[in-house]
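Visitor: Provided herewith: upload_18.cif, mmCIF, C-alpha atoms.
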```cif
data_start
loop_
_atom_site.label_atom_id
_atom_site.label_comp_id
_atom_site.auth_asym_id
_atom_site.auth_seq_id
_atom_site.Cartn_x
_atom_site.Cartn_y
_atom_site.Cartn_z
CA MET A 15 84.31 100.92 -54.76
CA SER A 16 87.90 102.03 -55.13
CA THR A 17 88.95 98.52 -56.19
CA THR A 18 87.18 98.88 -59.52
CA VAL A 19 89.12 102.06 -60.33
CA THR A 20 92.33 100.30 -61.25
CA THR A 21 90.73 98.05 -63.85
CA HIS A 22 89.50 100.98 -65.94
CA GLN A 23 92.17 103.55 -65.27
CA THR A 24 94.34 102.80 -68.29
CA LYS A 25 91.47 102.80 -70.75
CA TRP A 26 89.85 106.10 -69.75
CA TRP A 27 91.19 108.21 -72.59
CA SER A 28 91.00 105.52 -75.30
CA GLY A 29 87.24 105.65 -75.77
CA GLY A 30 84.26 103.80 -74.41
CA LYS A 31 84.57 105.30 -70.93
CA SER A 32 84.13 108.88 -69.71
CA PRO A 33 87.56 110.25 -68.74
CA PHE A 34 85.73 112.17 -66.00
CA ASN A 35 83.76 109.10 -64.94
CA LEU A 36 80.59 111.17 -65.37
CA GLU A 37 77.55 111.01 -67.55
CA TYR A 38 77.61 113.47 -70.48
CA GLY A 39 74.59 115.49 -69.33
CA LYS A 40 76.07 116.07 -65.90
CA VAL A 41 79.38 117.29 -67.34
CA MET A 42 77.49 119.71 -69.58
CA MET A 43 75.40 120.95 -66.61
CA TRP A 44 78.65 121.77 -64.80
CA TYR A 45 79.97 123.71 -67.78
CA PHE A 46 76.70 125.58 -68.13
CA LEU A 47 76.85 126.52 -64.46
CA MET A 48 80.44 127.70 -64.90
CA SER A 49 79.39 130.02 -67.74
CA ASP A 50 76.47 131.23 -65.63
CA ALA A 51 78.92 131.95 -62.81
CA PHE A 52 80.78 134.26 -65.20
CA THR A 53 77.54 136.04 -66.11
CA PHE A 54 76.70 136.70 -62.47
CA GLY A 55 80.33 137.51 -61.76
CA ALA A 56 80.38 140.12 -64.53
CA PHE A 57 77.21 141.74 -63.14
CA LEU A 58 78.53 141.87 -59.60
CA ILE A 59 81.97 143.13 -60.67
CA SER A 60 80.37 145.86 -62.77
CA TYR A 61 78.41 146.88 -59.67
CA GLY A 62 81.70 146.95 -57.77
CA THR A 63 83.33 149.16 -60.44
CA ILE A 64 80.52 151.73 -60.21
CA ARG A 65 80.63 151.61 -56.43
CA PHE A 66 84.39 152.22 -56.41
CA SER A 67 83.93 155.20 -58.74
CA GLN A 68 81.66 157.03 -56.26
CA ASN A 69 82.57 159.16 -53.27
CA PHE A 70 79.41 158.07 -51.48
CA TRP A 71 77.45 154.81 -51.51
CA PRO A 72 74.39 154.06 -49.34
CA ASP A 73 74.96 151.88 -46.27
CA PRO A 74 72.98 148.66 -46.87
CA ASN A 75 71.96 148.57 -43.21
CA VAL A 76 70.12 151.86 -43.72
CA VAL A 77 68.38 150.72 -46.94
CA PHE A 78 67.39 147.17 -45.93
CA ASN A 79 66.02 147.54 -42.41
CA ALA A 80 62.35 146.56 -42.76
CA PHE A 81 60.58 143.38 -41.68
CA PRO A 82 57.03 142.32 -42.69
CA GLY A 83 54.56 143.32 -40.02
CA ALA A 84 57.12 145.28 -38.01
CA GLY A 85 56.03 148.71 -39.28
CA HIS A 86 58.79 151.31 -39.23
CA ALA A 87 60.98 149.44 -36.74
CA ASN A 88 64.68 149.66 -37.59
CA LEU A 89 65.75 146.03 -38.08
CA PRO A 90 68.84 145.97 -40.28
CA LEU A 91 69.73 142.61 -41.89
CA ALA A 92 66.82 140.78 -40.20
CA PHE A 93 64.65 139.98 -43.23
CA VAL A 94 67.51 139.13 -45.56
CA SER A 95 68.88 136.66 -43.02
CA VAL A 96 65.50 134.89 -43.09
CA MET A 97 65.76 134.71 -46.90
CA THR A 98 69.32 133.37 -46.68
CA PHE A 99 68.33 130.61 -44.26
CA ILE A 100 65.33 129.63 -46.41
CA LEU A 101 67.70 129.10 -49.34
CA ILE A 102 70.28 127.16 -47.30
CA ILE A 103 67.59 124.83 -45.93
CA SER A 104 66.07 124.27 -49.39
CA SER A 105 69.57 123.35 -50.58
CA VAL A 106 69.81 120.74 -47.83
CA THR A 107 66.44 119.20 -48.78
CA MET A 108 67.67 119.03 -52.39
CA VAL A 109 70.78 117.10 -51.28
CA LYS A 110 68.42 114.67 -49.52
CA ALA A 111 66.35 114.28 -52.71
CA VAL A 112 69.48 113.50 -54.77
CA HIS A 113 70.62 110.97 -52.16
CA ALA A 114 67.20 109.28 -52.19
CA GLY A 115 67.59 109.09 -55.98
CA HIS A 116 70.91 107.23 -55.63
CA LYS A 117 69.10 104.59 -53.64
CA GLY A 118 66.22 104.42 -56.13
CA ASP A 119 63.85 105.52 -53.36
CA ARG A 120 60.96 107.07 -55.28
CA GLN A 121 58.91 108.17 -52.25
CA GLY A 122 61.98 109.79 -50.70
CA VAL A 123 62.76 111.73 -53.87
CA MET A 124 59.18 113.02 -54.03
CA LYS A 125 59.10 114.04 -50.37
CA TRP A 126 62.37 116.00 -50.45
CA LEU A 127 61.67 117.56 -53.85
CA PHE A 128 58.37 118.82 -52.46
CA TRP A 129 60.08 120.57 -49.54
CA THR A 130 62.67 122.06 -51.91
CA ILE A 131 59.86 123.55 -54.01
CA VAL A 132 58.23 124.95 -50.85
CA GLY A 133 61.55 126.60 -49.95
CA GLY A 134 61.91 128.11 -53.42
CA VAL A 135 58.40 129.54 -53.39
CA ALA A 136 58.96 130.95 -49.89
CA PHE A 137 62.14 132.68 -51.06
CA LEU A 138 60.39 134.20 -54.10
CA SER A 139 57.56 135.48 -51.88
CA CYS A 140 60.09 137.14 -49.58
CA GLN A 141 61.74 138.81 -52.53
CA ALA A 142 58.40 140.05 -53.85
CA TRP A 143 57.65 141.63 -50.47
CA GLU A 144 61.09 143.24 -50.30
CA TRP A 145 60.85 144.76 -53.79
CA HIS A 146 57.34 146.02 -53.14
CA HIS A 147 58.42 147.61 -49.87
CA LEU A 148 61.43 149.35 -51.48
CA ILE A 149 59.50 150.65 -54.49
CA THR A 150 56.43 151.93 -52.62
CA GLY A 151 58.21 153.22 -49.49
CA GLU A 152 58.32 157.02 -49.14
CA HIS A 153 61.37 158.83 -47.88
CA ALA A 154 61.91 162.58 -47.45
CA VAL A 155 64.65 163.76 -49.83
CA LEU A 156 65.96 167.31 -50.20
CA VAL A 157 65.89 168.14 -53.93
CA ASN A 158 66.88 171.68 -55.02
CA GLY A 159 65.91 173.15 -51.65
CA LYS A 160 62.54 171.38 -51.55
CA ILE A 161 61.45 168.18 -49.87
CA GLU A 162 60.15 165.41 -52.10
CA MET A 163 58.92 161.95 -51.10
CA TRP A 164 60.87 159.29 -52.97
CA GLY A 165 60.77 155.48 -53.16
CA GLN A 166 63.72 153.40 -54.29
CA ASN A 167 63.34 152.87 -58.03
CA MET A 168 65.40 152.90 -61.22
CA ARG A 169 65.45 156.72 -61.51
CA HIS A 170 65.64 157.79 -57.87
CA ASN A 171 67.75 156.88 -54.90
CA PRO A 172 66.57 158.42 -51.61
CA TRP A 173 69.58 157.17 -49.60
CA GLY A 174 72.16 159.91 -50.30
CA PRO A 175 74.24 161.75 -47.69
CA ILE A 176 72.27 163.36 -44.82
CA ALA A 177 71.26 166.97 -45.57
CA GLU A 178 72.86 169.21 -42.96
CA GLY A 179 70.49 170.99 -40.59
CA VAL A 180 67.29 169.88 -42.30
CA THR A 181 64.58 167.76 -40.70
CA PHE A 182 61.14 166.58 -41.73
CA ASN A 183 58.61 165.36 -39.15
CA GLY A 184 61.41 165.24 -36.60
CA GLU A 185 63.64 163.01 -38.69
CA HIS A 186 66.74 163.88 -40.66
CA VAL A 187 66.45 164.34 -44.41
CA ARG A 188 68.77 162.84 -47.01
CA THR A 189 69.95 164.19 -50.35
CA PRO A 190 69.64 162.13 -53.58
CA GLY A 191 72.01 159.16 -53.66
CA PRO A 192 73.76 157.48 -56.61
CA VAL A 193 71.13 156.59 -59.23
CA ALA A 194 72.92 153.37 -60.28
CA PHE A 195 72.02 151.75 -56.96
CA GLY A 196 68.45 150.88 -58.00
CA GLY A 197 69.37 149.52 -61.42
CA TYR A 198 72.05 147.24 -60.02
CA PHE A 199 69.98 146.06 -57.07
CA TYR A 200 66.85 145.25 -59.06
CA GLY A 201 68.85 143.96 -62.04
CA ILE A 202 71.02 141.50 -60.12
CA THR A 203 68.51 140.34 -57.50
CA GLY A 204 65.94 140.11 -60.31
CA PHE A 205 68.25 137.96 -62.44
CA HIS A 206 68.88 135.75 -59.41
CA GLY A 207 65.14 135.64 -58.64
CA PHE A 208 64.52 134.53 -62.23
CA HIS A 209 67.00 131.70 -61.69
CA VAL A 210 65.14 130.68 -58.52
CA PHE A 211 61.87 130.79 -60.45
CA SER A 212 63.31 128.57 -63.23
CA GLY A 213 64.65 126.24 -60.54
CA VAL A 214 61.21 125.92 -58.97
CA ILE A 215 59.70 125.12 -62.39
CA ILE A 216 62.43 122.52 -63.08
CA ASN A 217 61.86 120.94 -59.66
CA ILE A 218 58.10 120.79 -60.24
CA VAL A 219 58.72 119.01 -63.58
CA MET A 220 61.12 116.60 -61.81
CA LEU A 221 58.48 115.93 -59.13
CA LEU A 222 55.84 115.14 -61.76
CA MET A 223 58.23 112.88 -63.70
CA THR A 224 59.20 111.03 -60.51
CA GLN A 225 55.53 110.63 -59.61
CA LYS A 226 54.81 109.18 -63.06
CA GLY A 227 57.66 106.69 -62.58
CA VAL A 228 59.76 107.92 -65.52
CA PHE A 229 63.06 107.57 -63.65
CA GLU A 230 62.15 104.23 -62.16
CA ARG A 231 61.60 102.87 -65.69
CA LYS A 232 64.91 104.37 -66.83
CA GLY A 233 66.63 102.64 -63.93
CA HIS A 234 68.40 105.75 -62.59
CA TYR A 235 67.68 109.18 -61.11
CA LEU A 236 70.56 111.10 -62.78
CA MET A 237 68.07 113.77 -63.90
CA ILE A 238 67.43 114.65 -60.24
CA GLU A 239 71.19 115.08 -59.79
CA LYS A 240 71.33 117.58 -62.65
CA ALA A 241 68.36 119.53 -61.31
CA GLY A 242 70.07 119.41 -57.93
CA LEU A 243 73.27 120.93 -59.33
CA TYR A 244 71.26 123.82 -60.76
CA TRP A 245 69.44 124.39 -57.47
CA HIS A 246 72.67 124.43 -55.43
CA PHE A 247 74.12 126.90 -57.91
CA VAL A 248 71.19 129.24 -57.22
CA ASP A 249 72.01 129.01 -53.51
CA LEU A 250 75.69 129.63 -54.30
CA VAL A 251 74.91 132.80 -56.26
CA TRP A 252 72.73 134.09 -53.42
CA VAL A 253 75.71 133.75 -51.06
CA PHE A 254 77.55 136.28 -53.23
CA VAL A 255 74.55 138.55 -53.85
CA PHE A 256 74.02 138.59 -50.07
CA LEU A 257 77.67 139.57 -49.60
CA CYS A 258 77.77 142.32 -52.22
CA PHE A 259 74.42 144.01 -51.57
CA TYR A 260 73.62 143.44 -47.92
CA LEU A 261 76.86 142.89 -46.01
CA ILE A 262 79.55 145.15 -47.45
CA MET B 1 65.15 99.28 -45.25
CA GLU B 2 66.68 95.98 -46.32
CA PHE B 3 64.97 96.31 -49.65
CA ASN B 4 66.52 99.75 -50.04
CA ASN B 5 69.97 98.40 -49.31
CA LEU B 6 69.55 95.66 -51.88
CA LYS B 7 68.47 98.22 -54.41
CA PHE B 8 71.39 100.44 -53.42
CA ASN B 9 73.85 97.63 -54.09
CA TYR B 10 72.20 96.91 -57.40
CA PHE B 11 72.57 100.55 -58.45
CA MET B 12 76.21 100.58 -57.45
CA GLN B 13 77.16 97.41 -59.28
CA HIS B 14 75.25 98.15 -62.48
CA PRO B 15 75.76 101.78 -63.44
CA ALA B 16 73.07 102.98 -65.81
CA PHE B 17 75.58 104.47 -68.21
CA GLU B 18 78.40 102.59 -69.84
CA GLU B 19 80.79 105.51 -69.70
CA VAL B 20 80.44 105.67 -65.90
CA SER B 21 82.69 102.95 -64.56
CA PHE B 22 82.20 103.32 -60.81
CA TYR B 23 80.13 105.16 -58.22
CA GLN B 24 81.56 106.68 -55.08
CA HIS B 25 78.44 107.21 -53.00
CA HIS B 26 78.56 106.89 -49.27
CA ASP B 27 76.28 104.76 -47.14
CA ASP B 28 73.39 106.40 -45.29
CA ASP B 29 75.13 107.05 -41.98
CA THR B 30 78.24 108.70 -43.42
CA PHE B 31 76.06 110.74 -45.76
CA ASN B 32 73.67 112.00 -43.07
CA LYS B 33 76.55 112.89 -40.77
CA LYS B 34 78.36 114.81 -43.52
CA ILE B 35 75.25 116.76 -44.56
CA LYS B 36 74.35 117.60 -40.96
CA LYS B 37 77.88 118.83 -40.28
CA THR B 38 77.92 120.99 -43.42
CA THR B 39 74.47 122.47 -42.69
CA ILE B 40 75.55 123.48 -39.18
CA LEU B 41 78.81 124.90 -40.54
CA LEU B 42 77.00 127.00 -43.18
CA SER B 43 74.49 128.30 -40.59
CA VAL B 44 77.21 129.22 -38.12
CA ILE B 45 79.24 131.07 -40.79
CA THR B 46 76.08 132.95 -41.86
CA ILE B 47 75.34 133.97 -38.26
CA ILE B 48 78.94 135.20 -37.83
CA GLU B 49 78.58 137.19 -41.07
CA LEU B 50 75.36 138.79 -39.82
CA GLY B 51 77.09 139.67 -36.56
CA ILE B 52 79.91 141.38 -38.45
CA GLY B 53 77.32 143.19 -40.62
CA LEU B 54 75.66 144.63 -37.51
CA LEU B 55 79.08 145.54 -36.11
CA ILE B 56 79.86 147.51 -39.29
CA TYR B 57 76.46 149.25 -38.97
CA ASN B 58 77.27 150.34 -35.41
CA ILE B 59 80.74 151.57 -36.39
CA HIS B 60 79.14 153.63 -39.19
CA LYS B 61 76.64 155.15 -36.75
CA GLY B 62 79.39 156.39 -34.45
CA GLU B 63 80.81 159.94 -34.39
CA HIS B 64 84.07 159.14 -36.14
CA PRO B 65 83.86 155.86 -38.06
CA ASN B 66 87.19 154.05 -38.24
CA ASP B 67 87.53 153.33 -41.99
CA THR B 68 90.41 150.88 -41.60
CA LEU B 69 88.45 148.82 -39.08
CA VAL B 70 85.38 148.76 -41.37
CA LEU B 71 87.54 147.66 -44.32
CA MET B 72 89.06 144.90 -42.19
CA PHE B 73 85.66 143.56 -41.19
CA LYS B 74 84.47 143.71 -44.82
CA GLY B 75 87.52 141.69 -45.86
CA LEU B 76 86.73 139.14 -43.15
CA VAL B 77 83.14 138.77 -44.44
CA CYS B 78 84.51 138.19 -47.97
CA ILE B 79 86.75 135.38 -46.70
CA LEU B 80 83.86 133.78 -44.79
CA THR B 81 81.71 133.94 -47.94
CA LEU B 82 84.42 132.13 -49.93
CA ALA B 83 84.47 129.44 -47.23
CA LYS B 84 80.67 129.06 -47.58
CA ALA B 85 80.98 128.82 -51.37
CA PHE B 86 83.65 126.12 -50.96
CA TYR B 87 81.40 123.97 -48.75
CA ILE B 88 78.36 124.35 -51.02
CA VAL B 89 80.33 123.36 -54.14
CA SER B 90 82.43 120.65 -52.56
CA VAL B 91 79.82 118.90 -50.37
CA PHE B 92 76.34 119.82 -51.66
CA MET B 93 77.30 119.69 -55.34
CA HIS B 94 79.66 116.74 -54.69
CA LEU B 95 82.47 118.33 -56.70
CA GLY B 96 84.87 117.16 -53.98
CA ASP B 97 83.89 113.55 -54.79
CA GLU B 98 84.64 113.82 -58.52
CA ILE B 99 87.99 112.86 -59.98
CA ARG B 100 90.79 115.42 -59.97
CA ASN B 101 90.86 116.10 -63.71
CA PHE B 102 87.20 117.12 -63.65
CA ILE B 103 87.63 119.37 -60.62
CA MET B 104 90.44 121.14 -62.47
CA THR B 105 88.38 121.81 -65.60
CA ILE B 106 85.90 123.69 -63.37
CA VAL B 107 88.26 125.43 -60.97
CA VAL B 108 91.06 126.56 -63.32
CA PRO B 109 88.82 128.73 -65.59
CA LEU B 110 87.35 130.35 -62.48
CA LEU B 111 90.83 131.70 -61.65
CA LEU B 112 90.07 134.33 -64.31
CA PHE B 113 88.01 136.02 -61.60
CA ILE B 114 91.19 137.05 -59.77
CA TRP B 115 92.21 139.29 -62.66
CA PHE B 116 88.59 140.27 -63.36
CA ILE B 117 87.93 141.61 -59.85
CA ILE B 118 91.27 143.38 -59.36
CA ALA B 119 91.27 145.03 -62.81
CA PHE B 120 87.73 146.37 -62.69
CA LEU B 121 87.75 147.63 -59.10
CA TRP B 122 91.07 149.33 -59.88
CA ASP B 123 89.45 150.94 -62.91
CA GLY B 124 86.48 152.24 -60.90
CA ASN B 125 88.78 153.65 -58.25
CA SER B 126 90.99 155.38 -60.80
CA TYR B 127 87.91 156.96 -62.44
CA LYS B 128 86.85 158.34 -59.05
CA ASN B 129 90.31 159.82 -58.42
CA LEU B 130 90.42 161.44 -61.86
CA ARG B 131 86.97 162.97 -61.42
CA ASN B 132 87.78 164.30 -57.96
CA GLU B 133 90.92 165.92 -59.36
CA PHE B 134 89.51 167.49 -62.51
CA ASP B 135 85.78 167.88 -61.73
CA LYS B 136 85.61 169.87 -58.49
CA ASP B 137 81.82 170.17 -58.76
CA PHE B 138 81.53 166.36 -58.66
CA LYS B 139 83.69 166.26 -55.56
CA VAL B 140 81.69 168.94 -53.70
CA ARG B 141 78.35 167.47 -54.76
CA THR B 142 79.02 163.85 -53.81
CA THR B 143 81.32 163.97 -50.81
CA PRO B 144 79.28 163.60 -47.61
CA SER B 145 80.07 166.05 -44.83
CA SER B 146 81.09 164.50 -41.54
CA HIS B 147 78.94 166.88 -39.42
CA HIS B 148 75.72 165.74 -37.85
CA SER B 149 72.43 167.46 -38.52
CA THR B 150 70.80 169.75 -35.99
CA VAL B 151 67.10 169.22 -35.38
CA VAL B 152 64.73 171.77 -36.89
CA PRO B 153 61.21 170.48 -36.20
CA GLY B 154 58.00 171.13 -38.08
CA VAL B 155 59.07 171.45 -41.70
CA LYS B 156 56.38 170.63 -44.27
CA PRO B 157 56.87 169.24 -47.77
CA GLY B 158 58.10 171.85 -50.20
CA GLU B 159 59.25 174.35 -47.58
CA ALA B 160 62.41 172.92 -46.11
CA GLU B 161 64.46 175.21 -43.90
CA LEU B 162 68.11 175.48 -44.64
CA LYS B 163 70.53 176.52 -41.93
CA LYS B 164 74.24 177.06 -42.27
#
```
Just dump the structure as structure tokens.

Guide:
Amino acid sequence: MSTTVTTHQTKWWSGGKSPFNLEYGKVMMWYFLMSDAFTFGAFLISYGTIRFSQNFWPDPNVVFNAFPGAGHANLPLAFVSVMTFILIISSVTMVKAVHAGHKGDRQGVMKWLFWTIVGGVAFLSCQAWEWHHLITGEHAVLVNGKIEMWGQNMRHNPWGPIAEGVTFNGEHVRTPGPVAFGGYFYGITGFHGFHVFSGVIINIVMLLMTQKGVFERKGHYLMIEKAGLYWHFVDLVWVFVFLCFYLI
Amino acid sequence: MEFNNLKFNYFMQHPAFEEVSFYQHHDDDTFNKKIKKTTILLSVITIIELGIGLLIYNIHKGEHPNDTLVLMFKGLVCILTLAKAFYIVSVFMHLGDEIRNFIMTIVVPLLLFIWFIIAFLWDGNSYKNLRNEFDKDFKVRTTPSSHHSTVVPGVKPGEAELKK
């Protein structure tokens, strides 16, 4: 299609044609995503500032080491890698849905959108399990010379430095860790989870509209492309949340 | 299949919006190949990242963790993450297929992050140094000791044994 470029090139900025060769709604979706990137960026950088201002910060491999059905087995990074792959795969199915839309293939769009929704719901379920496990888990913490059982919540952090020479039921005991950990973890993963939830709702609406033939009547599936951009952005943010909370 | 191709050509020759003058979509084969390649690439990078994460965990567990080595691995994970972000934005979101002017209106504002990250991490670090210098209690309270705990079995809740 590069041959058609030359005919329009000179007129791009004189009106009638988009200088970006894009539909208005898609350009605006990109700018919305850019502003959203700054919101997430500000959250993550603020987390980094607090982390840099502390002498001690919990090792993520110690905090996130549980797997559903595995009891108390120490499996660092295992569950979060499952969540990461779910999101990558759901991003791939979304690309397929957008491509089917380019071809005007209604059945294809519906099939791939369905699998994208399944991926989104699976991710949200994983996150629900992880939050529940962190909040209700009980860990021996040495507080003012006494042992208390703490879960990870907004007021308590049971993952502080190891208390010297103290054990409980044969295991070492920790002292209270930095309180900000819980707020940042639940705040940022919650904000991301809310984005995933909105994405699932948007995709369900897109699926229903495709099924009703709205886009076929319009003659294009550009709406699916915009929903797709949003969904990929959610995957993109998770890449950075994964880095900041689980890897480093 | 043939019907699809006919439709495909129709969509390419008659853009739905007047302001869009041409489409740059690939045919099925090129597209499938590109997506498959990118998916494998993203998965491989993620697996490498997980491997480095476990490596960092094992270095931390050791008697004398090598801080420089840990920092190096963390830097490597950051670079790999940026590579992943590049592939998601460029291939999955098709930003790489848009025209240059549009790519620039997205990428140039994001350069603000370079200042943003450096300035705020610097600030956090300087706050830590000031507190350690002028608030000795903070330093004693929050600095972990490098010694390992000795096992004292059979302590019940509320009656922990403390040994020096």

Visitor: Enumerate, in order of chain and increasing residue number, the residues of range 34-87 of chain A with an atom no farther than 8 Å from range 128-132 of chain B, each with its shortest atom pair and distance in Å to one decimal, counting all atoms listed in the file, as a tab-separated table.

Guide:
```
residue	atom	partner	partner_atom	distance
A:Phe66	CA	B:Lys128	CA	7.1
A:Ser67	CA	B:Lys128	CA	4.3
A:Gln68	CA	B:Lys128	CA	6.0
A:Asn69	CA	B:Lys128	CA	7.2
```

Visitor: Return the neighbours of chain B among the residues of chain A, cut-off 7 Å, counting all atoms listed in the file, as a PyMOL selection string.

Guide: chain A and resi 15+18+30-32+34-37+48+59+62-64+66-70+75+109+117-118+159-162+175+178-184+233-234+243+246+250+253+261-262

Visitor: One decimal, Å: what's the distance from CA of Phe81 in chain A over to CA of Tyr198 in chain A, could you say?

Guide: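 A separation of 22.0 Å between them.
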
Visitor: Could you list, as a list in words, every residue within 8 Å of Ala154 in chain A, counting all atoms listed in the file and ignoring same-chain residues fewer than 2 positions away?

Guide: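 Here the qualifying residues turn out to be Glu152, Leu156, Ile161, Glu162, Met163, Trp164, Pro172, Phe182, Val187 and Arg188 of chain A.
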
Visitor: Write the residues of the selection above to a file with C-alpha atoms, as a tab-separated table (two decimals), in the coordinates of the input.

Guide:
```tsv
chain	number	residue	atom	x	y	z
A	152	GLU	CA	58.32	157.02	-49.14
A	156	LEU	CA	65.96	167.31	-50.20
A	161	ILE	CA	61.45	168.18	-49.87
A	162	GLU	CA	60.15	165.41	-52.10
A	163	MET	CA	58.92	161.95	-51.10
A	164	TRP	CA	60.87	159.29	-52.97
A	172	PRO	CA	66.57	158.42	-51.61
A	182	PHE	CA	61.14	166.58	-41.73
A	187	VAL	CA	66.45	164.34	-44.41
A	188	ARG	CA	68.77	162.84	-47.01
```

Visitor: To one decimal in Å, tell me the separation between CA of Ala87 in chain A and CA of Thr150 in chain A.

Guide: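 That distance, rounded to one decimal, is 16.7 Å.
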
Visitor: Separation of CA of Val123 in chain A and CA of Ala111 in chain A, in Å?

Guide: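 Distance reported for this atom pair: 4.6 Å.
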
Visitor: Which is closer to Ile238 in chain A than all the others in A:Pro74, A:Gly151, A:Gly122, A:Gly115, using all atoms listed in the file?

Guide: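 Closest candidate: A:Gly115.
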
Visitor: Using only C-alpha atoms, which of the listed residues (A:Thr98, A:Gly39, A:Phe54, A:Gly191) sits closest to His206 in chain A?

Guide: A:Phe54

Visitor: Could you tell me, as a CSV table (one decimal) with C-alpha atoms, in the frame of the given file, exactly which residues end up selected when the PyMOL selection byres ((chain A and resi 220) around 12) is applied to this structure?

Guide:
```
chain,number,residue,atom,x,y,z
A,108,MET,CA,67.7,119.0,-52.4
A,111,ALA,CA,66.4,114.3,-52.7
A,112,VAL,CA,69.5,113.5,-54.8
A,115,GLY,CA,67.6,109.1,-56.0
A,120,ARG,CA,61.0,107.1,-55.3
A,123,VAL,CA,62.8,111.7,-53.9
A,124,MET,CA,59.2,113.0,-54.0
A,125,LYS,CA,59.1,114.0,-50.4
A,126,TRP,CA,62.4,116.0,-50.4
A,127,LEU,CA,61.7,117.6,-53.8
A,128,PHE,CA,58.4,118.8,-52.5
A,130,THR,CA,62.7,122.1,-51.9
A,131,ILE,CA,59.9,123.6,-54.0
A,213,GLY,CA,64.6,126.2,-60.5
A,214,VAL,CA,61.2,125.9,-59.0
A,215,ILE,CA,59.7,125.1,-62.4
A,216,ILE,CA,62.4,122.5,-63.1
A,217,ASN,CA,61.9,120.9,-59.7
A,218,ILE,CA,58.1,120.8,-60.2
A,219,VAL,CA,58.7,119.0,-63.6
A,221,LEU,CA,58.5,115.9,-59.1
A,222,LEU,CA,55.8,115.1,-61.8
A,223,MET,CA,58.2,112.9,-63.7
A,224,THR,CA,59.2,111.0,-60.5
A,225,GLN,CA,55.5,110.6,-59.6
A,226,LYS,CA,54.8,109.2,-63.1
A,227,GLY,CA,57.7,106.7,-62.6
A,228,VAL,CA,59.8,107.9,-65.5
A,229,PHE,CA,63.1,107.6,-63.6
A,235,TYR,CA,67.7,109.2,-61.1
A,236,LEU,CA,70.6,111.1,-62.8
A,237,MET,CA,68.1,113.8,-63.9
A,238,ILE,CA,67.4,114.6,-60.2
A,239,GLU,CA,71.2,115.1,-59.8
A,240,LYS,CA,71.3,117.6,-62.6
A,241,ALA,CA,68.4,119.5,-61.3
A,242,GLY,CA,70.1,119.4,-57.9
```

Visitor: Any idea what's packed within 9 Å of Trp252 in chain A, counting only C-alpha atoms, ignoring anything in its chain fewer than 3 positions away? Could you give it as an MDAnalysis selection string?

Guide: chainID A and resid 98 101 203 206 247:249 255:257
